[in-house]
Amino acid sequence: MSKTIELAQHLEKLHINNMYKSDFYWTWDKTDEELDAIFTVADALRDLRERNRSTRVFDSGLGISIFRDNSTRTRFSFASACNLLGLTVRDLDEKTSQIAHGETVRETANMVSFMAEVIGIRDDMYIGEGHKYQKTFMDAVKEGYRDGILEQQPTLVNLQCDVDHPTQCMADLLHVIHHFGGVEHLKGKKVAMTWAYSPSYGKPLSVPQGVIGLFTRFGMDVVLAHPEGYDVMPEVEEIARKNAEATGGSYRRAGTMAEAFQGADIVYPKSWAPFAAMEERTKLYQAGDQAGIHALEQRLLAQNALHKDWTCSEEMMKRTKDGKALYLHCLPADISGLSCPEGEVDNSVFDRYLVPLYKEASYKPYIIAAMIFMAKVKDPVAALMALDQGGKRRLF
Amino acid sequence: MSKTIELAQHLEKLHINNMYKSDFYWTWDKTDEELDAIFTVADALRDLRERNRSTRVFDSGLGISIFRDNSTRTRFSFASACNLLGLTVRDLDEKTSQIAHGETVRETANMVSFMAEVIGIRDDMYIGEGHKYQKTFMDAVKEGYRDGILEQQPTLVNLQCDVDHPTQCMADLLHVIHHFGGVEHLKGKKVAMTWAYSPSYGKPLSVPQGVIGLFTRFGMDVVLAHPEGYDVMPEVEEIARKNAEATGGSYRRAGTMAEAFQGADIVYPKSWAPFAAMEERTKLYQAGDQAGIHALEQRLLAQNALHKDWTCSEEMMKRTKDGKALYLHCLPADISGLSCPEGEVDNSVFDRYLVPLYKEASYKPYIIAAMIFMAKVKDPVAALMALDQGGKRRLF
Amino acid sequence: MSKTIELAQHLEKLHINNMYKSDFYWTWDKTDEELDAIFTVADALRDLRERNRSTRVFDSGLGISIFRDNSTRTRFSFASACNLLGLTVRDLDEKTSQIAHGETVRETANMVSFMAEVIGIRDDMYIGEGHKYQKTFMDAVKEGYRDGILEQQPTLVNLQCDVDHPTQCMADLLHVIHHFGGVEHLKGKKVAMTWAYSPSYGKPLSVPQGVIGLFTRFGMDVVLAHPEGYDVMPEVEEIARKNAEATGGSYRRAGTMAEAFQGADIVYPKSWAPFAAMEERTKLYQAGDQAGIHALEQRLLAQNALHKDWTCSEEMMKRTKDGKALYLHCLPADISGLSCPEGEVDNSVFDRYLVPLYKEASYKPYIIAAMIFMAKVKDPVAALMALDQGGKRRLF
């Protein structure tokens with residue numbers, strides 16, 4: 001029996017009826033079995049592809065991508081996922097469109113969605129805005145579908161918002177699952193999600209938030225550490241706490257990177273901006289206050305620079321479990337001595353983890369494809385079986 | 001019998017031999033039966049899609065799009081139409097190409113067309129230029145095909161020129177046909193195509209011209225109204241007059257918006273620039289006279305502002321048939337109190353017609369796909385039958 | 001028997017085992033039989049397409065294109081080739097990506113390649129840089145494949161580097177082969193690869209280098225001519241010399257355009273920059289010395305202007321074999337009196353050769369497709385047979 005058939009049989013046992021036609025905003029919207037379904041389908045699609053089976057469930061259809069911030073890997077991951085399933089990506093480039101001419105989000109959403117199966121949106125720059133934009137967009141297409149404007153209901157894949165970065169964090173976790181040989185081995189593992197120094201400014205909070213909101217669901221001991229003033233959203237911490245409680249794991253804060261790293265099985269040292277400063281920035285942008293934005297940037301860079309000791313050095317790594325914790329990063333990292341003089345991680349540490357880091361990233365297209373698959377295919381079990389046994393090759 | 005089969009049977013009765021390998025510049029180039037064929041195929045493709053049938057008549061091939069002006073909905077409509085039929089869109093972006101390096105239109109046309117099945121061009125900015133560019137481009141590829149450079153003859157879909165906007169106007173009309181329950185119910189309906197105030201400058205004339213050139217072919221009473229100085233091209237008015245005569249309808253001008261709206265079944269209030277001013281602008285652009293362009297813009301905005309009473313207000317709507325005329329717009333509209341302080345239409349009017357307006361827009365991808373289908377598929381009746389009965393699903 | 005079957009039978013006799021999973025950097029990396037295979041497959045794909053056979057060997061997969069310089073025809077040729085085989089092109093636009101944020105080439109290469117079958121790179125601006133970039137990129141994906149990060153090994157099509165322009169030169173040569181009725185008729189033909197005056201600055205050397213490196217392999221008498229100071233890379237001249245020796249042809253330099261054109265069967269007059277100046281420019285760019293770059297540009301334009309007599313005039317053409325040599329150009333050309341006052345070629349000469357020139361260009365998509373086909377399809381003979389006999393139509 002192929003791995004895909006085994007995975008399809010596992011999928012069959014899960015309660016996943018609510019996934020069809022559903023949007024993927026945040027991992028904590030989804031049940032454990034729904035997350036399990038995403039991981040299962042991601043693995044199955046990878047297995048099918050490795051065996052040169054066609055995984056096209058679409059004969060035609062568009063995937064619309066909206067990137068309100070630059071992106072390489074997420075852009076290519078979305079394009080790869082769509083291609084894998086048979087969808088064609090069309091980027092909504094707000095610069096070459098007429099959107100600036102006063103078109104509403106509601107109108108745009110409908111106008112680009114006549115043949116859209118899935119909408120991928122990245123809007124992570126402004127606290128309080130990213131998720132709101134995604135929600136407004138998707139409410140509009142849902143209404144459009146209900147009113148008979150759209151013949152199919154496009155579904156969302158959140159490609160990063162101000163709150164969560166689910167495609168990243170689920171790829172991270174699938175990597176962790178495979179690294180430790182199965183989800184059943186995660187219980188009790190210590191995870192250090194820590195801030196790290198970066199010479200750049202205003203990195204989103206969605207990764208640390210996504211990580212504490214997701215990793216706490218698997219019985220792991222999750223520690224968040226950051227310098228004073230770099231708090232994440234309290235609502236997400238609350239979710240992390242509840243998750244930990246429900247799964248027999250734990251969630252707590254540590255005061256230093258060293259404390260968080262102590263005995264950790266997994267470390268995720270990464271820079272982010274202070275939540276309060278990001279709120280301030282959003283207001284400055286809304287007010288068009290360029291001088292204020294510039295002053296804030298200078299202030300934040302100076303604040304960052306006070307914490308250059310928060311770096312994933314060789315010394316720091318030695319504190320982890322056998323000195324060999326699994327090092328995670330969403331990439332690109334600020335690598336000391338390579339991409340910047342002082343940054344998030346020592347070059348020697350980063351370099352040692354290069355292959356696992358790239359493998360971590362390699363799960364993202366499959367996670368996205370699985371999210372699309374579960375939202376669009378009515379009978380995903382039958383579809384996997386058919387792809388496995390249909391015998392259609394991907395490449396001659 | 002499926003709706004598609006019925007439509008295919010209707011198509012079979014039409015005289016449409018000249019459509020194969022033909023370009024679509026203006027609706028008035030086409031016979032009534034040819035327009036009927038476009039509407040018929042558009043409906044059939046929509047029916048097939050609604051029933052999850054694959055509509056791919058192409059296994060590979062490119063659709064080339066050239067947008068010499070910003071665009072959201074036409075861009076996505078063209079992409080959707082191509083995708084629906086199995087073509088991949090490639091945008092010819094004149095900024096990242098070598099065209100600026102002195103390449104002729106003739107050369108570019110051939111160089112991008114080696115695998116091109118269809119060319120979609122939007123060039124609506126300069127009076128006397130848009131159509132000319134499209135013609136030069138298509139003459140070049142026709143010659144290229146004749147000379148054995150191209151192995152297939154790419155055909156044109158005019159995505160808006162300075163004269164007509166056929167994909168828009170045919171989508172508008174298909175919406176009208178469905179709204180009134182069939183083309184046979186259009187006879188005697190009163191259509192008010194009127195100018196409306198907008199705070200923006202230099203909107204193309206192709207929509208009003210396209211509407212009077214097309215809607216007069218169905219026995220309707222078409223009234224064009226605009227302030228003094230906002231005349232459209234006289235050649236197109238002449239076509240409208242002849243059309244009306246031939247179909248037992250009428251075409252006339254009214255002096256005020258109120259007069260045009262009186263008793264109207266359909267209203268299309270929309271801003272456009274004065275033809276003479278657009279001719280002047282074209283010359284200024286050709287001369288590179290930036291100061292002149294700026295002065296003209298200021299003059300036109302001031303001239304527009306004299307006619308703020310030309311707006312589709314609630315009061316104005318009350319004059320229409322039972323106060324409930326079908327409100328049309330090509331979108332995006334300038335909505336008073338929403339996208340601008342004073343514009344083409346009251347927010348309350350626009351909002352009441354939101355669903356029909358978006359449905360109107362939803363026909364455009366199908367109209368474009370039908371134009372491509374009729375120009376490229378040698379036996380369209382057989383193709384529709386095969387798609388209906390082949391049983392290939394669009395989505396698993 | 002179809003032409004494709006004949007070609008497949010020819011392919012079967014060639015020693016081409018090393019082509020599977022191989023990159024295409026330079027023609028001189030490949031054996032004669034490997035080049036023969038590319039030409040053979042290019043002709044077969046064209047034949048299949050002309051007979052409306054589907055040539056899709058891929059059901060899904062991405063072709064990644066990286067253009068570090070503007071391009072129309074190569075961009076569209078790559079897009080066409082990918083589409084012909086069933087791949088979807090994704091442009092890596094370094095402006096909208098995060099590459100500027102300090103990401104390494106190694107990382108980018110892996111991050112965009114999770115579903116990439118082929119990578120097409122154009123990097124021709126800086127001497128000593130283009131090939132190096134391609135090599136670094138491809139070494140990274142090869143490593144990624146070996147380490148299990150990538151499930152397939154993407155292969156390279158060099159879309160122009162600082163050394164060679166293989167897709168252009170092989171398209172040129174396939175045109176020559178068809179023009180003279182077969183590769184066996186090339187022996188002893190005289191080819192004049194000459195510099196020509198252009199009012200523009202800094203054109204790459206890859207075309208003249210590619211031509212002397214490739215055309216010398218077929219027993220032709222290849223002459224290179226340029227004004228003093230416009231030397232090409234000595235390593236490539238050495239290759240040309242060895243090729244000529246091995247095939248019974250010749251390679252030599254001529255001092256004037258007139259001498260090179262004398263009795264030529266084929267002429268390729270084209271501007272390029274002096275190698276030494278391009279080396280200087282690379283250093284100035286690396287140093288960010290804008291003033292130096294500007295000064296160099298002025299100096300080079302002045303130097304070019306000393307050689308306006310190096311132009312493919314009617315007089316010059318009369319010196320060629322019966323006054324009717326085959327005129328080649330990679331396009332776009334600088335045409336005297338059309339795209340510039342004085343340039344590479346007389347308008348009347350260019351115009352007379354327009355159809356053959358465009359045909360020359362029309363081979364490029366097929367050459368690229370053949371390169372992809374040979375690198376990705378394990379059993380190309382069986383694949384061609386199956387495409388020929390499978391009966392799947394490209395267009396209904």
# chains A, B, ... in the order shown; residues from 1 in each chain; ligands from 1

$ select_by_dssp --residues "range 100-235 of chain C" --states "strand (DSSP E)" --output "number ranges by chain"
C: 116-122, 155-158, 190-195, 221-225

$ closest_atom_pairs --of "chain B" --to "chain A" --cutoff "6 Å" --atoms "only C-alpha atoms" --output "JSON lines"
{"residue": "B:Asn70", "atom": "CA", "partner": "A:Thr96", "partner_atom": "CA", "distance": 5.1}
{"residue": "B:Ser71", "atom": "CA", "partner": "A:Ser97", "partner_atom": "CA", "distance": 4.7}
{"residue": "B:Thr72", "atom": "CA", "partner": "A:Ser97", "partner_atom": "CA", "distance": 4.6}
{"residue": "B:Arg73", "atom": "CA", "partner": "A:Met111", "partner_atom": "CA", "distance": 5.6}
{"residue": "B:Phe76", "atom": "CA", "partner": "A:Val112", "partner_atom": "CA", "distance": 5.7}
{"residue": "B:Ser80", "atom": "CA", "partner": "A:Met115", "partner_atom": "CA", "distance": 5.8}
{"residue": "B:Ser339", "atom": "CA", "partner": "A:Gly102", "partner_atom": "CA", "distance": 5.2}
{"residue": "B:Lys359", "atom": "CA", "partner": "A:Ile149", "partner_atom": "CA", "distance": 5.0}
{"residue": "B:Arg394", "atom": "CA", "partner": "A:Asp59", "partner_atom": "CA", "distance": 4.8}
{"residue": "B:Leu395", "atom": "CA", "partner": "A:Phe58", "partner_atom": "CA", "distance": 4.6}
{"residue": "B:Phe396", "atom": "CA", "partner": "A:Val57", "partner_atom": "CA", "distance": 5.1}

$ write_last_selection --atoms "all heavy atoms" --output "compact mmCIF listing (two decimals), in the first residue's frame"
# COMPACT_ATOMS: atom_id res chain seq x y z
N ASN B 70 -3.71 51.57 -16.90
CA ASN B 70 -3.99 50.70 -15.76
C ASN B 70 -5.35 50.03 -15.89
O ASN B 70 -6.24 50.54 -16.55
CB ASN B 70 -3.94 51.51 -14.46
CG ASN B 70 -2.50 51.76 -14.04
OD1 ASN B 70 -1.58 51.12 -14.54
ND2 ASN B 70 -2.31 52.69 -13.13
N SER B 71 -5.50 48.92 -15.23
CA SER B 71 -6.74 48.16 -15.35
C SER B 71 -6.77 47.08 -14.29
O SER B 71 -5.76 46.44 -14.03
CB SER B 71 -6.81 47.52 -16.74
OG SER B 71 -7.76 46.51 -16.78
N THR B 72 -7.88 46.91 -13.63
CA THR B 72 -8.05 45.75 -12.76
C THR B 72 -8.99 44.78 -13.43
O THR B 72 -8.64 43.65 -13.75
CB THR B 72 -8.69 46.09 -11.39
OG1 THR B 72 -8.04 47.19 -10.83
CG2 THR B 72 -8.62 44.90 -10.44
N ARG B 73 -10.23 45.23 -13.65
CA ARG B 73 -11.27 44.26 -14.02
C ARG B 73 -11.07 43.71 -15.42
O ARG B 73 -11.30 42.53 -15.65
CB ARG B 73 -12.66 44.86 -13.82
CG ARG B 73 -13.05 45.96 -14.74
CD ARG B 73 -14.04 46.87 -14.11
NE ARG B 73 -13.40 47.63 -13.08
CZ ARG B 73 -13.72 47.59 -11.78
NH1 ARG B 73 -14.71 46.85 -11.40
NH2 ARG B 73 -13.07 48.31 -10.92
N PHE B 76 -8.17 41.19 -15.25
CA PHE B 76 -8.58 39.92 -14.65
C PHE B 76 -9.61 39.20 -15.52
O PHE B 76 -9.66 37.98 -15.54
CB PHE B 76 -9.08 40.13 -13.22
CG PHE B 76 -7.96 40.12 -12.23
CD1 PHE B 76 -7.16 41.23 -12.05
CD2 PHE B 76 -7.65 38.97 -11.50
CE1 PHE B 76 -6.09 41.22 -11.15
CE2 PHE B 76 -6.59 38.94 -10.61
CZ PHE B 76 -5.81 40.07 -10.43
N SER B 80 -9.02 35.57 -16.83
CA SER B 80 -10.02 34.54 -16.50
C SER B 80 -10.49 33.83 -17.76
O SER B 80 -10.62 32.60 -17.79
CB SER B 80 -11.22 35.19 -15.80
OG SER B 80 -10.82 35.76 -14.57
N SER B 339 -16.54 57.61 -2.82
CA SER B 339 -15.18 57.70 -3.39
C SER B 339 -14.79 59.14 -3.71
O SER B 339 -13.64 59.40 -4.06
CB SER B 339 -15.07 56.81 -4.62
OG SER B 339 -16.00 57.18 -5.60
N LYS B 359 -23.02 41.74 -11.17
CA LYS B 359 -23.41 40.69 -12.13
C LYS B 359 -23.11 41.14 -13.55
O LYS B 359 -22.62 40.37 -14.38
CB LYS B 359 -24.89 40.36 -11.99
CG LYS B 359 -25.18 39.36 -10.89
CD LYS B 359 -26.60 38.86 -10.93
CE LYS B 359 -26.87 38.02 -9.69
NZ LYS B 359 -28.30 37.82 -9.43
N ARG B 394 -14.06 20.10 -14.25
CA ARG B 394 -13.12 21.20 -14.06
C ARG B 394 -12.38 21.02 -12.73
O ARG B 394 -11.18 21.19 -12.64
CB ARG B 394 -13.86 22.54 -14.06
CG ARG B 394 -12.94 23.74 -14.17
CD ARG B 394 -13.71 25.03 -14.20
NE ARG B 394 -14.29 25.29 -12.90
CZ ARG B 394 -13.61 25.74 -11.83
NH1 ARG B 394 -12.33 25.97 -11.93
NH2 ARG B 394 -14.21 25.94 -10.68
N LEU B 395 -13.15 20.69 -11.70
CA LEU B 395 -12.59 20.44 -10.38
C LEU B 395 -13.00 19.05 -9.96
O LEU B 395 -14.16 18.68 -10.10
CB LEU B 395 -13.12 21.49 -9.39
CG LEU B 395 -12.98 21.21 -7.88
CD1 LEU B 395 -11.53 21.03 -7.47
CD2 LEU B 395 -13.60 22.34 -7.08
N PHE B 396 -12.02 18.29 -9.46
CA PHE B 396 -12.32 16.93 -9.03
C PHE B 396 -13.53 16.91 -8.11
O PHE B 396 -13.59 17.64 -7.13
CB PHE B 396 -11.12 16.33 -8.29
CG PHE B 396 -11.36 14.91 -7.83
CD1 PHE B 396 -11.09 13.85 -8.67
CD2 PHE B 396 -11.92 14.67 -6.60
CE1 PHE B 396 -11.34 12.54 -8.26
CE2 PHE B 396 -12.18 13.37 -6.18
CZ PHE B 396 -11.89 12.30 -7.01

$ closest_residue --among "B:Met193, B:Ala295, B:Leu331, B:Leu384" --to "Glu12 in chain B" --atoms "only C-alpha atoms"
B:Leu384

$ atom_distance --atom1 "CA of Glu33 in chain C" --atom2 "CA of Pro154 in chain C"
22.7 Å

$ residues_around --residues "range 312-319 of chain B" --least-positions-apart "2" --cutoff "7 Å" --atoms "only C-alpha atoms" --output "list in words"
Ala258, Phe261, Gln262, Gly263, Pro269, Trp310, Lys321, Gly323, Glu344, Val345, Asp346 and Val349 of chain B

$ residues_around --residues "Pro227 in chain C" --least-positions-apart "3" --cutoff "12 Å" --atoms "only C-alpha atoms" --output "JSON, numbers by chain"
{"C": [194, 195, 196, 197, 224, 230, 231, 232, 253, 254, 255, 256, 257, 258, 271, 272, 273, 274, 303, 304, 305, 306, 307, 308, 309, 310, 311]}

$ residues_around --residues "Ile372 in chain B" --least-positions-apart "4" --cutoff "8 Å" --atoms "only C-alpha atoms" --output "PDB file with N, CA, C and O atoms, in the first residue's frame"
ATOM      1  N   VAL B 118      -4.169  34.436 -29.028  1.00  0.00           N
ATOM      2  CA  VAL B 118      -5.022  35.623 -28.969  1.00  0.00           C
ATOM      3  C   VAL B 118      -4.226  36.786 -28.387  1.00  0.00           C
ATOM      4  O   VAL B 118      -3.353  36.591 -27.538  1.00  0.00           O
ATOM      5  N   THR B 155      -5.472  36.130 -33.042  1.00  0.00           N
ATOM      6  CA  THR B 155      -6.596  37.031 -33.326  1.00  0.00           C
ATOM      7  C   THR B 155      -6.724  38.038 -32.187  1.00  0.00           C
ATOM      8  O   THR B 155      -6.249  37.802 -31.077  1.00  0.00           O
ATOM      9  N   VAL B 157      -8.658  40.475 -29.461  1.00  0.00           N
ATOM     10  CA  VAL B 157      -9.806  40.932 -28.684  1.00  0.00           C
ATOM     11  C   VAL B 157      -9.489  42.361 -28.250  1.00  0.00           C
ATOM     12  O   VAL B 157      -8.536  42.589 -27.493  1.00  0.00           O
ATOM     13  N   ILE B 368     -15.440  37.660 -23.320  1.00  0.00           N
ATOM     14  CA  ILE B 368     -14.085  37.570 -23.892  1.00  0.00           C
ATOM     15  C   ILE B 368     -13.788  36.136 -24.313  1.00  0.00           C
ATOM     16  O   ILE B 368     -13.281  35.881 -25.407  1.00  0.00           O
ATOM     17  N   LYS B 376     -11.148  31.064 -32.738  1.00  0.00           N
ATOM     18  CA  LYS B 376     -10.091  30.052 -32.774  1.00  0.00           C
ATOM     19  C   LYS B 376     -10.586  28.635 -33.045  1.00  0.00           C
ATOM     20  O   LYS B 376      -9.822  27.811 -33.546  1.00  0.00           O
TER      21      LYS B 376
END

$ atom_distance --atom1 "CA of Thr31 in chain C" --atom2 "CA of Ser77 in chain C"
24.3 Å

$ residues_around --residues "Tyr363 in chain C" --least-positions-apart "6" --cutoff "12 Å" --atoms "only C-alpha atoms" --output "ChimeraX atom specification"
/B:111,114-115,149-151 /C:38-39,41-46,73-74,77-78,80-81,167-178,330,356-357,369-370

$ atom_distance --atom1 "CA of Thr282 in chain A" --atom2 "CA of Ser198 in chain A"
20.9 Å

$ select_by_dssp --residues "range 213-263 of chain A" --states "helix (DSSP H, G or I)" --output "PDB file with N, CA and C atoms, in the first residue's frame"
ATOM      1  N   GLY A 213       0.994  30.221  19.348  1.00  0.00           N
ATOM      2  CA  GLY A 213      -0.407  29.809  19.197  1.00  0.00           C
ATOM      3  C   GLY A 213      -0.557  28.400  18.648  1.00  0.00           C
ATOM      4  N   LEU A 214       0.463  27.909  17.949  1.00  0.00           N
ATOM      5  CA  LEU A 214       0.362  26.582  17.329  1.00  0.00           C
ATOM      6  C   LEU A 214       1.133  25.516  18.110  1.00  0.00           C
ATOM      7  N   PHE A 215       2.372  25.815  18.499  1.00  0.00           N
ATOM      8  CA  PHE A 215       3.231  24.788  19.100  1.00  0.00           C
ATOM      9  C   PHE A 215       2.710  24.342  20.470  1.00  0.00           C
ATOM     10  N   THR A 216       1.939  25.224  21.115  1.00  0.00           N
ATOM     11  CA  THR A 216       1.369  24.853  22.424  1.00  0.00           C
ATOM     12  C   THR A 216       0.257  23.808  22.316  1.00  0.00           C
ATOM     13  N   ARG A 217      -0.143  23.470  21.099  1.00  0.00           N
ATOM     14  CA  ARG A 217      -1.247  22.515  20.954  1.00  0.00           C
ATOM     15  C   ARG A 217      -0.796  21.067  20.961  1.00  0.00           C
ATOM     16  N   PHE A 218       0.514  20.850  21.104  1.00  0.00           N
ATOM     17  CA  PHE A 218       1.013  19.482  20.955  1.00  0.00           C
ATOM     18  C   PHE A 218       1.703  18.987  22.215  1.00  0.00           C
ATOM     19  N   PRO A 234      -1.487  40.281  23.620  1.00  0.00           N
ATOM     20  CA  PRO A 234      -1.932  39.528  24.795  1.00  0.00           C
ATOM     21  C   PRO A 234      -2.996  38.472  24.466  1.00  0.00           C
ATOM     22  N   GLU A 235      -3.827  38.747  23.462  1.00  0.00           N
ATOM     23  CA  GLU A 235      -4.859  37.759  23.094  1.00  0.00           C
ATOM     24  C   GLU A 235      -4.224  36.451  22.638  1.00  0.00           C
ATOM     25  N   VAL A 236      -3.094  36.583  21.938  1.00  0.00           N
ATOM     26  CA  VAL A 236      -2.465  35.365  21.424  1.00  0.00           C
ATOM     27  C   VAL A 236      -1.777  34.614  22.567  1.00  0.00           C
ATOM     28  N   GLU A 237      -1.198  35.358  23.481  1.00  0.00           N
ATOM     29  CA  GLU A 237      -0.603  34.693  24.656  1.00  0.00           C
ATOM     30  C   GLU A 237      -1.677  33.926  25.425  1.00  0.00           C
ATOM     31  N   GLU A 238      -2.849  34.505  25.506  1.00  0.00           N
ATOM     32  CA  GLU A 238      -3.965  33.854  26.193  1.00  0.00           C
ATOM     33  C   GLU A 238      -4.324  32.530  25.502  1.00  0.00           C
ATOM     34  N   ILE A 239      -4.319  32.564  24.195  1.00  0.00           N
ATOM     35  CA  ILE A 239      -4.588  31.348  23.424  1.00  0.00           C
ATOM     36  C   ILE A 239      -3.512  30.301  23.710  1.00  0.00           C
ATOM     37  N   ALA A 240      -2.274  30.740  23.721  1.00  0.00           N
ATOM     38  CA  ALA A 240      -1.155  29.826  23.985  1.00  0.00           C
ATOM     39  C   ALA A 240      -1.335  29.164  25.354  1.00  0.00           C
ATOM     40  N   ARG A 241      -1.714  29.983  26.322  1.00  0.00           N
ATOM     41  CA  ARG A 241      -1.900  29.458  27.688  1.00  0.00           C
ATOM     42  C   ARG A 241      -2.991  28.383  27.735  1.00  0.00           C
ATOM     43  N   LYS A 242      -4.085  28.682  27.064  1.00  0.00           N
ATOM     44  CA  LYS A 242      -5.203  27.724  27.047  1.00  0.00           C
ATOM     45  C   LYS A 242      -4.847  26.439  26.315  1.00  0.00           C
ATOM     46  N   ASN A 243      -4.159  26.617  25.189  1.00  0.00           N
ATOM     47  CA  ASN A 243      -3.717  25.445  24.427  1.00  0.00           C
ATOM     48  C   ASN A 243      -2.870  24.516  25.295  1.00  0.00           C
ATOM     49  N   ALA A 244      -1.904  25.133  25.988  1.00  0.00           N
ATOM     50  CA  ALA A 244      -0.954  24.365  26.787  1.00  0.00           C
ATOM     51  C   ALA A 244      -1.709  23.591  27.867  1.00  0.00           C
ATOM     52  N   GLU A 245      -2.606  24.278  28.489  1.00  0.00           N
ATOM     53  CA  GLU A 245      -3.409  23.667  29.549  1.00  0.00           C
ATOM     54  C   GLU A 245      -4.171  22.448  29.016  1.00  0.00           C
ATOM     55  N   ALA A 246      -4.738  22.606  27.835  1.00  0.00           N
ATOM     56  CA  ALA A 246      -5.589  21.553  27.271  1.00  0.00           C
ATOM     57  C   ALA A 246      -4.786  20.335  26.832  1.00  0.00           C
ATOM     58  N   THR A 247      -3.495  20.524  26.548  1.00  0.00           N
ATOM     59  CA  THR A 247      -2.736  19.398  25.981  1.00  0.00           C
ATOM     60  C   THR A 247      -1.680  18.860  26.942  1.00  0.00           C
ATOM     61  N   MET A 257      17.265  35.241  26.942  1.00  0.00           N
ATOM     62  CA  MET A 257      17.436  34.240  25.897  1.00  0.00           C
ATOM     63  C   MET A 257      18.098  32.991  26.496  1.00  0.00           C
ATOM     64  N   ALA A 258      19.074  33.230  27.355  1.00  0.00           N
ATOM     65  CA  ALA A 258      19.810  32.126  27.960  1.00  0.00           C
ATOM     66  C   ALA A 258      18.864  31.204  28.726  1.00  0.00           C
ATOM     67  N   GLU A 259      17.982  31.796  29.481  1.00  0.00           N
ATOM     68  CA  GLU A 259      17.032  31.001  30.255  1.00  0.00           C
ATOM     69  C   GLU A 259      16.120  30.196  29.329  1.00  0.00           C
ATOM     70  N   ALA A 260      15.670  30.855  28.264  1.00  0.00           N
ATOM     71  CA  ALA A 260      14.768  30.164  27.334  1.00  0.00           C
ATOM     72  C   ALA A 260      15.474  29.004  26.636  1.00  0.00           C
ATOM     73  N   PHE A 261      16.725  29.213  26.281  1.00  0.00           N
ATOM     74  CA  PHE A 261      17.487  28.199  25.540  1.00  0.00           C
ATOM     75  C   PHE A 261      17.855  26.999  26.416  1.00  0.00           C
TER      76      PHE A 261
END
